[in-house]
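**Student:** The structure's right below; bear with me while I get my questions together.
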Amino acid sequence: MSFTPPAYPYDRLDVLKDLADTFEGGAIDCSIGTPIDAPPTLVVEELARASGARGYPPSAGTAAFREAAAGWLARRFGVDVSADQLAACVGTKEFVGTTAGYLHLRQPERDTVLYPEISYPTYAMGATLAGLRSVAVPVREGHLDLASVRDADAARALLLWTNSPSNPTGALDDLEAAATWGRERGVLVASDECYSEFTWNARARSILEYGTAGVLAVHSISKRSNLAGLRAGFYAGDSEIVNFLRSVRQHAGFMVPGPVQSAVALAYGDDTHVDEQRERYRARLELLSSALTQCGVDAPLPEGTFYLWCRREGLDGWALAEEIAKASALVASPGELYGAAGRNYVRVAVVQPDERLALAAERLRGARLA
């Protein structure tokens, strides 16, 4: 049977954008978590120098790239991971989408990927693209309900994905519990930690804080430094798994461009620009949370990320997204895009300029939703 790719989730939002475009100034698109603020100047200047552009860059990452990433892990999480225990990837989305297939080459007797029932769609799609099973794990009060995983599925599991802080819910999961569960069952746990710089009530944790055996942490420069267009990140953890993936990916030709590696190394060495960005996102979250609450939407501040996970009694996510678009020109993502369990929610990404979000907030405060 041939494979027909499903519609890309965000391509389904045209009806919402059409509603929003009826306003003067057009849509205020908060559907996709694309950073819009300026990246750090030192990174832009380094890109302009084009260091390393002439030769092929190392697939695993230059020594400077890996040392900078390891240094950031030490500062951010207090973990001691050597530069040899991590490697570069071409943005973490491609890593999420391809890793299950590569791991299946290593363990062909296992054919199942476990992932949160409300989550970034690429965890499940990575299994599909590799011809594997994907099994959603229920989420209870922001935590994976690992006790609900059937023994038969755990025995077939190749990989368990976690995501904390969570996209789309913003919840912080218990990564120690996930690491322990995986080790007890011989299941690799891959922890997607790309929003770890943006937590609001407590510091984010890394799964690496609980040891590296049987786990990977996946990190991206995209959100941290407003550099999504550079397509760079890294994975770190279990030495055997890192070495296997590094070798496979080198054969497949995955390489972060040399100038990008040089620039990203500088970005991981600087925390000031991240502190400034964190304050921008906090203010934007508070602004829209307040405005949505005033028009009858339950929009609590998240534990982490720059997303609001919102609902209104009596409306599913698509209906609520339509009401928000008609009232304010703000385009949000219906929660069904992140799994059936999210169907009564919408996700709002606070990634528009302050003045545009202030305009949406003003309209929402005076709105009467259905």
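Here's how to read the names in the structure tokens: chain A, B, ... by the order shown, residue numbers from 1 in each chain, ligand numbers from 1 in the order shown.
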Fewer than 5 positions away in the same chain doesn't count, so skip those; otherwise give me all residues within 9 Å of range 331-336 of chain A, counting only C-alpha atoms, as a PDB file with C-alpha atoms, in the first residue's frame.

**Tutor:**
```pdb
ATOM      1  CA  TYR A  10      -0.941  24.432   9.742  1.00  0.00           C
ATOM      2  CA  LEU A  13      -5.817  27.231   9.026  1.00  0.00           C
ATOM      3  CA  LEU A  16      -9.223  31.255  10.173  1.00  0.00           C
ATOM      4  CA  LYS A  17      -6.801  33.527   8.335  1.00  0.00           C
ATOM      5  CA  LEU A  19     -11.735  35.598   8.874  1.00  0.00           C
ATOM      6  CA  ALA A  20      -8.880  37.551  10.437  1.00  0.00           C
ATOM      7  CA  ALA A  27      -4.411  38.799  10.495  1.00  0.00           C
ATOM      8  CA  ILE A  28      -2.426  38.776  13.723  1.00  0.00           C
ATOM      9  CA  ASP A  29      -1.008  35.304  13.233  1.00  0.00           C
ATOM     10  CA  CYS A  30      -0.331  33.551  16.529  1.00  0.00           C
ATOM     11  CA  SER A  31      -0.819  30.055  15.152  1.00  0.00           C
ATOM     12  CA  ILE A  32       2.810  28.991  14.663  1.00  0.00           C
ATOM     13  CA  ILE A 118      -1.304  16.037  23.332  1.00  0.00           C
ATOM     14  CA  PRO A 168       1.192  23.029  23.315  1.00  0.00           C
ATOM     15  CA  TRP A 309      -3.512  26.774  26.103  1.00  0.00           C
ATOM     16  CA  CYS A 310      -7.089  28.060  26.157  1.00  0.00           C
ATOM     17  CA  ASP A 316     -14.525  22.978  20.564  1.00  0.00           C
ATOM     18  CA  GLY A 317     -11.134  24.276  19.473  1.00  0.00           C
ATOM     19  CA  TRP A 318     -12.099  25.087  15.896  1.00  0.00           C
ATOM     20  CA  ALA A 319     -15.196  26.990  16.989  1.00  0.00           C
ATOM     21  CA  LEU A 320     -13.251  28.903  19.635  1.00  0.00           C
ATOM     22  CA  ALA A 321     -10.484  29.741  17.150  1.00  0.00           C
ATOM     23  CA  GLU A 322     -13.136  31.097  14.765  1.00  0.00           C
ATOM     24  CA  ILE A 324     -11.267  34.647  18.457  1.00  0.00           C
ATOM     25  CA  ALA A 325     -10.402  35.390  14.820  1.00  0.00           C
ATOM     26  CA  ALA A 341      -7.317  14.904  23.394  1.00  0.00           C
ATOM     27  CA  GLY A 342      -6.744  18.602  22.654  1.00  0.00           C
ATOM     28  CA  ARG A 343      -9.874  19.081  20.573  1.00  0.00           C
ATOM     29  CA  ASN A 344     -11.567  21.467  23.028  1.00  0.00           C
ATOM     30  CA  TYR A 345      -8.589  23.837  23.255  1.00  0.00           C
ATOM     31  CA  VAL A 346      -6.740  26.407  21.190  1.00  0.00           C
ATOM     32  CA  ARG A 347      -3.065  27.320  21.356  1.00  0.00           C
ATOM     33  CA  VAL A 348      -1.991  30.959  21.136  1.00  0.00           C
ATOM     34  CA  ALA A 349       1.688  31.660  20.408  1.00  0.00           C
TER      35      ALA A 349
END
```

**Student:** Report as a list in words: the residues of range 285-330 of chain A with a DSSP assignment of strand (DSSP E or B), based on the backbone of this structure.

**Tutor:**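 The residues of range 285-330 of chain A classed as strand (DSSP E or B) are Asp298, Gly304, Tyr307, Leu308, Trp309, Cys310, Arg311 and Leu330 of chain A.
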
**Student:** I'd like to know which residues of range 295-336 of chain A are helix (DSSP H, G or I) (by DSSP, run on the backbone); could you write them as an mmCIF file with N, CA and C atoms, in the first residue's frame?

**Tutor:**
```
data_model
loop_
_atom_site.group_PDB
_atom_site.id
_atom_site.type_symbol
_atom_site.label_atom_id
_atom_site.label_comp_id
_atom_site.auth_asym_id
_atom_site.auth_seq_id
_atom_site.Cartn_x
_atom_site.Cartn_y
_atom_site.Cartn_z
ATOM 1 N N GLY A 317 -12.257 23.415 19.821
ATOM 2 C CA GLY A 317 -11.134 24.276 19.473
ATOM 3 C C GLY A 317 -11.317 25.036 18.176
ATOM 4 N N TRP A 318 -11.898 24.392 17.173
ATOM 5 C CA TRP A 318 -12.099 25.087 15.896
ATOM 6 C C TRP A 318 -13.113 26.216 16.054
ATOM 7 N N ALA A 319 -14.189 25.953 16.789
ATOM 8 C CA ALA A 319 -15.196 26.990 16.989
ATOM 9 C C ALA A 319 -14.626 28.152 17.801
ATOM 10 N N LEU A 320 -13.844 27.837 18.827
ATOM 11 C CA LEU A 320 -13.251 28.903 19.635
ATOM 12 C C LEU A 320 -12.250 29.708 18.819
ATOM 13 N N ALA A 321 -11.441 29.023 18.002
ATOM 14 C CA ALA A 321 -10.484 29.741 17.150
ATOM 15 C C ALA A 321 -11.209 30.671 16.187
ATOM 16 N N GLU A 322 -12.353 30.231 15.654
ATOM 17 C CA GLU A 322 -13.136 31.097 14.765
ATOM 18 C C GLU A 322 -13.661 32.317 15.517
ATOM 19 N N GLU A 323 -14.164 32.123 16.722
ATOM 20 C CA GLU A 323 -14.675 33.241 17.510
ATOM 21 C C GLU A 323 -13.569 34.258 17.807
ATOM 22 N N ILE A 324 -12.395 33.755 18.155
ATOM 23 C CA ILE A 324 -11.267 34.647 18.457
ATOM 24 C C ILE A 324 -10.850 35.412 17.203
ATOM 25 N N ALA A 325 -10.788 34.726 16.070
ATOM 26 C CA ALA A 325 -10.402 35.390 14.820
ATOM 27 C C ALA A 325 -11.417 36.456 14.432
ATOM 28 N N LYS A 326 -12.715 36.161 14.583
ATOM 29 C CA LYS A 326 -13.760 37.122 14.216
ATOM 30 C C LYS A 326 -13.780 38.332 15.149
ATOM 31 N N ALA A 327 -13.365 38.116 16.386
ATOM 32 C CA ALA A 327 -13.409 39.202 17.362
ATOM 33 C C ALA A 327 -12.191 40.099 17.330
ATOM 34 N N SER A 328 -11.041 39.559 16.900
ATOM 35 C CA SER A 328 -9.793 40.301 17.124
ATOM 36 C C SER A 328 -8.778 40.248 15.997
ATOM 37 N N GLY A 335 -6.697 23.073 19.099
ATOM 38 C CA GLY A 335 -5.936 22.061 19.816
ATOM 39 C C GLY A 335 -5.964 20.692 19.186
ATOM 40 N N GLU A 336 -6.929 20.433 18.327
ATOM 41 C CA GLU A 336 -7.009 19.129 17.654
ATOM 42 C C GLU A 336 -5.784 18.860 16.790
#
```

**Student:** Just give me the gap between CA of Pro165 in chain A and CA of Ala340 in chain A in Å, one decimal is fine.

**Tutor:**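 Between CA of Pro165 in chain A and CA of Ala340 in chain A the gap is 19.8 Å.
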
**Student:** Using only C-alpha atoms, pick whichever of A:Gly131, A:Gly91, A:Pro138, A:Gly186 has the shortest atom-to-atom distance to Val260 in chain A.

**Tutor:** A:Gly91

**Student:** Would you pick out the contacts of range 243-252 of chain A at 9 Å or less, using only C-alpha atoms, so that residues sharing its chain but fewer than 4 positions from it are not included, and give the list as a ChimeraX atom specification?

**Tutor:** /A:58-60,84-89,99,102-103,106,238-239

**Student:** Quote the spacing between CA of Arg156 in chain A and CA of Val137 in chain A in Å to one decimal place.

**Tutor:**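 So the two atoms, CA of Arg156 in chain A and CA of Val137 in chain A, lie 14.2 Å apart.
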
**Student:** When distances are computed from only C-alpha atoms, which of A:Phe3, A:Phe95, A:Trp200, A:Phe65 shows the smallest separation from Gly269 in chain A?

**Tutor:**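 Of A:Phe3, A:Phe95, A:Trp200, A:Phe65, the one nearest Gly269 in chain A, counting only C-alpha atoms, is A:Phe65.
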
**Student:** At a cut-off of 9 Å, using only C-alpha atoms, what residues contact range 293-302 of chain A? Leave out same-chain residues fewer than 3 positions from it and give the result as a PyMOL selection string.

**Tutor:** chain A and resi 169-171+199-201+285-286+288-290+305-313+320+364-369
